[in-house]
>>> print(open('final38.pdb').read())   # PDB, C-alpha atoms, pLDDT in the B column
ATOM      1  CA  MET A  26     101.355 105.153 108.637  1.00 96.00           C
ATOM      2  CA  LYS A  27     100.305 104.345 105.072  1.00 98.00           C
ATOM      3  CA  LYS A  28      98.932 100.791 104.756  1.00 98.00           C
ATOM      4  CA  VAL A  29      98.918  98.757 101.542  1.00 98.00           C
ATOM      5  CA  ILE A  30      97.107  95.477 100.857  1.00 98.00           C
ATOM      6  CA  THR A  31      97.391  92.952  98.056  1.00 98.00           C
ATOM      7  CA  TYR A  32      95.757  89.584  97.375  1.00 97.00           C
ATOM      8  CA  GLY A  33      96.787  86.333  95.747  1.00 95.00           C
ATOM      9  CA  THR A  34      97.440  82.645  96.107  1.00 94.00           C
ATOM     10  CA  PHE A  35     101.236  83.066  96.124  1.00 95.00           C
ATOM     11  CA  ASP A  36     101.893  79.411  95.369  1.00 92.00           C
ATOM     12  CA  LEU A  37     105.285  78.355  93.945  1.00 89.00           C
ATOM     13  CA  LEU A  38     106.832  81.671  94.903  1.00 90.00           C
ATOM     14  CA  HIS A  39     108.944  83.247  92.140  1.00 90.00           C
ATOM     15  CA  TRP A  40     110.640  86.540  91.264  1.00 90.00           C
ATOM     16  CA  GLY A  41     107.419  87.935  89.788  1.00 92.00           C
ATOM     17  CA  HIS A  42     105.805  87.606  93.217  1.00 94.00           C
ATOM     18  CA  ILE A  43     108.818  89.251  94.868  1.00 96.00           C
ATOM     19  CA  ASN A  44     108.691  92.142  92.356  1.00 96.00           C
ATOM     20  CA  LEU A  45     104.996  92.665  93.108  1.00 96.00           C
ATOM     21  CA  LEU A  46     105.547  92.584  96.871  1.00 98.00           C
ATOM     22  CA  GLN A  47     108.495  94.986  96.687  1.00 98.00           C
ATOM     23  CA  ARG A  48     106.616  97.460  94.480  1.00 98.00           C
ATOM     24  CA  ALA A  49     103.520  97.198  96.705  1.00 98.00           C
ATOM     25  CA  LYS A  50     105.610  97.887  99.822  1.00 98.00           C
ATOM     26  CA  ASP A  51     107.178 100.898  98.062  1.00 98.00           C
ATOM     27  CA  LEU A  52     103.684 102.449  97.945  1.00 98.00           C
ATOM     28  CA  GLY A  53     103.428 102.643 101.736  1.00 98.00           C
ATOM     29  CA  ASP A  54     104.854 101.808 105.131  1.00 98.00           C
ATOM     30  CA  TYR A  55     103.040  98.580 106.016  1.00 98.00           C
ATOM     31  CA  LEU A  56     102.178  95.746 103.610  1.00 98.00           C
ATOM     32  CA  ILE A  57      99.364  93.299 104.279  1.00 98.00           C
ATOM     33  CA  VAL A  58      99.170  90.253 102.013  1.00 98.00           C
ATOM     34  CA  ALA A  59      95.874  88.360 101.885  1.00 98.00           C
ATOM     35  CA  ILE A  60      96.383  84.842 100.591  1.00 98.00           C
ATOM     36  CA  SER A  61      93.650  82.525  99.404  1.00 97.00           C
ATOM     37  CA  SER A  62      92.746  79.918 102.000  1.00 97.00           C
ATOM     38  CA  ASP A  63      92.696  76.291 100.894  1.00 96.00           C
ATOM     39  CA  GLU A  64      88.896  76.337 101.164  1.00 97.00           C
ATOM     40  CA  PHE A  65      88.620  79.449  98.995  1.00 96.00           C
ATOM     41  CA  ASN A  66      90.938  77.897  96.406  1.00 94.00           C
ATOM     42  CA  ALA A  67      88.651  74.847  96.341  1.00 95.00           C
ATOM     43  CA  LEU A  68      85.639  77.115  95.694  1.00 94.00           C
ATOM     44  CA  LYS A  69      87.565  78.723  92.816  1.00 92.00           C
ATOM     45  CA  GLU A  70      88.471  75.223  91.549  1.00 91.00           C
ATOM     46  CA  LYS A  71      92.124  76.184  91.957  1.00 90.00           C
ATOM     47  CA  GLU A  72      94.637  73.863  93.553  1.00 88.00           C
ATOM     48  CA  ALA A  73      97.778  75.202  95.217  1.00 91.00           C
ATOM     49  CA  TYR A  74     100.834  72.989  95.592  1.00 92.00           C
ATOM     50  CA  HIS A  75     101.581  74.387  99.064  1.00 94.00           C
ATOM     51  CA  SER A  76      99.010  74.475 101.867  1.00 96.00           C
ATOM     52  CA  PHE A  77      97.729  77.772 103.239  1.00 97.00           C
ATOM     53  CA  GLU A  78      99.892  77.425 106.351  1.00 97.00           C
ATOM     54  CA  HIS A  79     103.047  76.814 104.298  1.00 97.00           C
ATOM     55  CA  ARG A  80     102.309  79.698 101.905  1.00 97.00           C
ATOM     56  CA  LYS A  81     101.666  81.937 104.926  1.00 98.00           C
ATOM     57  CA  MET A  82     104.983  80.893 106.513  1.00 98.00           C
ATOM     58  CA  ILE A  83     106.889  81.591 103.285  1.00 97.00           C
ATOM     59  CA  LEU A  84     105.319  85.046 102.860  1.00 98.00           C
ATOM     60  CA  GLU A  85     105.913  85.987 106.494  1.00 98.00           C
ATOM     61  CA  ALA A  86     109.640  85.396 105.914  1.00 98.00           C
ATOM     62  CA  ILE A  87     109.794  87.999 103.114  1.00 98.00           C
ATOM     63  CA  ARG A  88     111.145  91.352 104.294  1.00 98.00           C
ATOM     64  CA  TYR A  89     108.580  93.395 102.348  1.00 98.00           C
ATOM     65  CA  VAL A  90     105.625  91.682 104.045  1.00 98.00           C
ATOM     66  CA  ASP A  91     104.449  92.966 107.426  1.00 98.00           C
ATOM     67  CA  GLU A  92     101.312  90.860 107.890  1.00 98.00           C
ATOM     68  CA  VAL A  93      99.637  87.895 106.211  1.00 98.00           C
ATOM     69  CA  ILE A  94      95.890  87.288 106.461  1.00 98.00           C
ATOM     70  CA  ALA A  95      93.541  84.737 104.911  1.00 98.00           C
ATOM     71  CA  GLU A  96      91.260  85.482 101.983  1.00 98.00           C
ATOM     72  CA  ASP A  97      88.184  83.302 102.420  1.00 97.00           C
ATOM     73  CA  ASN A  98      85.828  84.786  99.819  1.00 96.00           C
ATOM     74  CA  TRP A  99      85.577  87.322  96.988  1.00 92.00           C
ATOM     75  CA  GLU A 100      83.432  89.708  99.020  1.00 93.00           C
ATOM     76  CA  GLN A 101      85.782  90.345 101.950  1.00 96.00           C
ATOM     77  CA  LYS A 102      87.971  92.979 100.277  1.00 98.00           C
ATOM     78  CA  VAL A 103      85.868  95.965 101.406  1.00 98.00           C
ATOM     79  CA  ILE A 104      85.775  94.550 104.941  1.00 98.00           C
ATOM     80  CA  ASP A 105      89.556  94.013 104.947  1.00 98.00           C
ATOM     81  CA  VAL A 106      90.231  97.545 103.678  1.00 98.00           C
ATOM     82  CA  GLN A 107      88.032  99.028 106.394  1.00 98.00           C
ATOM     83  CA  LYS A 108      89.112  96.679 109.222  1.00 98.00           C
ATOM     84  CA  HIS A 109      92.838  97.181 108.570  1.00 98.00           C
ATOM     85  CA  ASP A 110      92.531 100.918 107.767  1.00 98.00           C
ATOM     86  CA  VAL A 111      94.107 100.385 104.322  1.00 98.00           C
ATOM     87  CA  ASP A 112      95.164 103.344 102.188  1.00 98.00           C
ATOM     88  CA  VAL A 113      96.226 101.543  98.982  1.00 98.00           C
ATOM     89  CA  PHE A 114      94.869  98.366  97.364  1.00 98.00           C
ATOM     90  CA  VAL A 115      97.332  96.769  94.906  1.00 98.00           C
ATOM     91  CA  MET A 116      96.858  94.056  92.294  1.00 97.00           C
ATOM     92  CA  GLY A 117      98.621  92.960  89.126  1.00 94.00           C
ATOM     93  CA  ASP A 118      97.456  94.654  85.938  1.00 94.00           C
ATOM     94  CA  ASP A 119      95.889  91.409  84.724  1.00 92.00           C
ATOM     95  CA  TRP A 120      93.064  92.423  87.110  1.00 95.00           C
ATOM     96  CA  GLU A 121      92.842  95.979  85.690  1.00 97.00           C
ATOM     97  CA  GLY A 122      89.423  97.514  86.368  1.00 97.00           C
ATOM     98  CA  LYS A 123      88.083  94.565  88.378  1.00 97.00           C
ATOM     99  CA  PHE A 124      88.535  96.268  91.748  1.00 97.00           C
ATOM    100  CA  ASP A 125      87.787  99.879  90.854  1.00 98.00           C
ATOM    101  CA  PHE A 126      84.776  99.715  93.196  1.00 98.00           C
ATOM    102  CA  LEU A 127      87.302  99.924  96.053  1.00 98.00           C
ATOM    103  CA  ASN A 128      88.184 103.511  95.028  1.00 98.00           C
ATOM    104  CA  GLU A 129      85.341 104.519  97.339  1.00 98.00           C
ATOM    105  CA  PHE A 130      87.415 103.258 100.288  1.00 98.00           C
ATOM    106  CA  CYS A 131      91.081 103.607  99.263  1.00 98.00           C
ATOM    107  CA  GLU A 132      93.412 104.214  96.335  1.00 98.00           C
ATOM    108  CA  VAL A 133      93.465 101.318  93.828  1.00 98.00           C
ATOM    109  CA  VAL A 134      96.715 100.601  91.975  1.00 98.00           C
ATOM    110  CA  TYR A 135      97.293  97.990  89.259  1.00 98.00           C
ATOM    111  CA  LEU A 136     100.979  97.124  88.866  1.00 97.00           C
ATOM    112  CA  PRO A 137     102.450  95.652  85.663  1.00 94.00           C
ATOM    113  CA  ARG A 138     103.134  91.934  85.874  1.00 91.00           C
ATOM    114  CA  THR A 139     106.711  90.728  85.625  1.00 88.00           C
ATOM    115  CA  GLU A 140     107.299  89.520  82.066  1.00 86.00           C
ATOM    116  CA  GLY A 141     108.305  85.914  81.426  1.00 85.00           C
ATOM    117  CA  ILE A 142     107.224  84.325  84.722  1.00 83.00           C
ATOM    118  CA  SER A 143     104.020  83.083  86.333  1.00 82.00           C
ATOM    119  CA  THR A 144     102.967  80.180  88.507  1.00 80.00           C
ATOM    120  CA  THR A 145     100.940  78.837  85.581  1.00 80.00           C
ATOM    121  CA  LYS A 146     104.052  78.938  83.380  1.00 85.00           C
ATOM    122  CA  ILE A 147     106.089  77.060  86.010  1.00 84.00           C
ATOM    123  CA  LYS A 148     103.411  74.379  86.408  1.00 79.00           C
ATOM    124  CA  THR A 149     103.051  73.976  82.632  1.00 84.00           C
ATOM    125  CA  GLU A 150     106.808  73.653  82.115  1.00 84.00           C
ATOM    126  CA  LEU A 151     107.107  71.125  84.944  1.00 81.00           C
ATOM    127  CA  LEU A 152     104.314  69.025  83.409  1.00 81.00           C
ATOM    128  CA  GLU A 153     105.995  69.167  79.984  1.00 85.00           C
ATOM    129  CA  ALA A 154     109.369  68.207  81.458  1.00 84.00           C
ATOM    130  CA  ASN A 155     107.850  65.110  83.074  1.00 78.00           C
ATOM    131  CA  LYS A 156     106.325  63.712  79.877  1.00 74.00           C
TER
END
>>> encode(input="final38.pdb", output="structure tokens")
Amino acid sequence: MKKVITYGTFDLLHWGHINLLQRAKDLGDYLIVAISSDEFNALKEKEAYHSFEHRKMILEAIRYVDEVIAEDNWEQKVIDVQKHDVDVFVMGDDWEGKFDFLNEFCEVVYLPRTEGISTTKIKTELLEANK
């Protein structure tokens, strides 16, 4: 079985997230999604609209996702890859080169982002609409 892992906050789920998850799943047989815990988001000074538990529930309902785990710190990626016997690590191409150190443990793939959509864009447009 070929295992794939990806990471993210996955807040305000949109079609860009679904595209990423589908393309990540296409790279293997089993997709693990590590989502930032609320505590990790606080350390990154990032605030998600949905709680960790709600984001986890939403992702677990997506047919491409086989398992959802928590991301609690930047350093855990090597541990996750080894612990879950991961073959492919996937991230959006906005992270290109940042995780190349994982090539020692698995294949690293950067997928193109979906044009025209992002959680930041949604939040910005919602703020503008409420002015």
>>> residues_around(input="final38.pdb", residues="Leu136 of chain A", least_positions_apart="6", cutoff="7 Å", atoms="all atoms listed in the file", output="PyMOL selection string")
chain A and resi 116-118
>>> resolve_selection(input="final38.pdb", expression="the PyMOL selection byres ((chain A and resi 81) around 10)", output="list of chain:residue names")
A:Thr34, A:Phe35, A:Asp36, A:Val58, A:Ala59, A:Ile60, A:Ser61, A:Ser62, A:His75, A:Ser76, A:Phe77, A:Glu78, A:His79, A:Arg80, A:Met82, A:Ile83, A:Leu84, A:Glu85, A:Ala86, A:Glu92, A:Val93, A:Ile94, A:Ala95
>>> atom_distance(input="final38.pdb", atom1="atom CA of Ile147 of chain A", atom2="atom CA of Ile87 of chain A")
20.6 Å
>>> resolve_selection(input="final38.pdb", expression="the PyMOL selection byres ((chain A and resi 103-113) around 6)", output="list in words")
Lys27, Lys28, Val29, Gln101, Lys102, Phe114, Cys131, Glu132 and Val133 of chain A
>>> closest_residue(input="final38.pdb", among="A:Ile43, A:Ile30, A:Ala154, A:Ala67", to="Leu127 of chain A", atoms="all atoms listed in the file")
A:Ile30
>>> resolve_selection(input="final38.pdb", expression="the PyMOL selection byres ((chain A and resi 143) around 12)", output="JSON, numbers by chain")
{"A": [34, 35, 36, 37, 38, 39, 40, 41, 42, 43, 44, 45, 117, 119, 138, 139, 140, 141, 142, 144, 145, 146, 147, 148, 149, 150]}
>>> closest_residue(input="final38.pdb", among="A:Asn98, A:Gln47, A:Asn155, A:Asn128", to="Lys69 of chain A", atoms="all atoms listed in the file")
A:Asn98
>>> closest_residue(input="final38.pdb", among="A:Asp51, A:Glu129, A:Glu153, A:Asp97", to="Phe65 of chain A", atoms="only C-alpha atoms")
A:Asp97
>>> atom_distance(input="final38.pdb", atom1="atom CA of Leu46 of chain A", atom2="atom CA of Pro137 of chain A")
12.0 Å
>>> axis_aligned_box(input="final38.pdb", around="segment 79-95 of chain A", padding_each_side="8 Å", output="JSON")
{"center_x": 102.3, "center_y": 85.1, "center_z": 104.9, "size_x": 33.6, "size_y": 32.6, "size_z": 22.0}
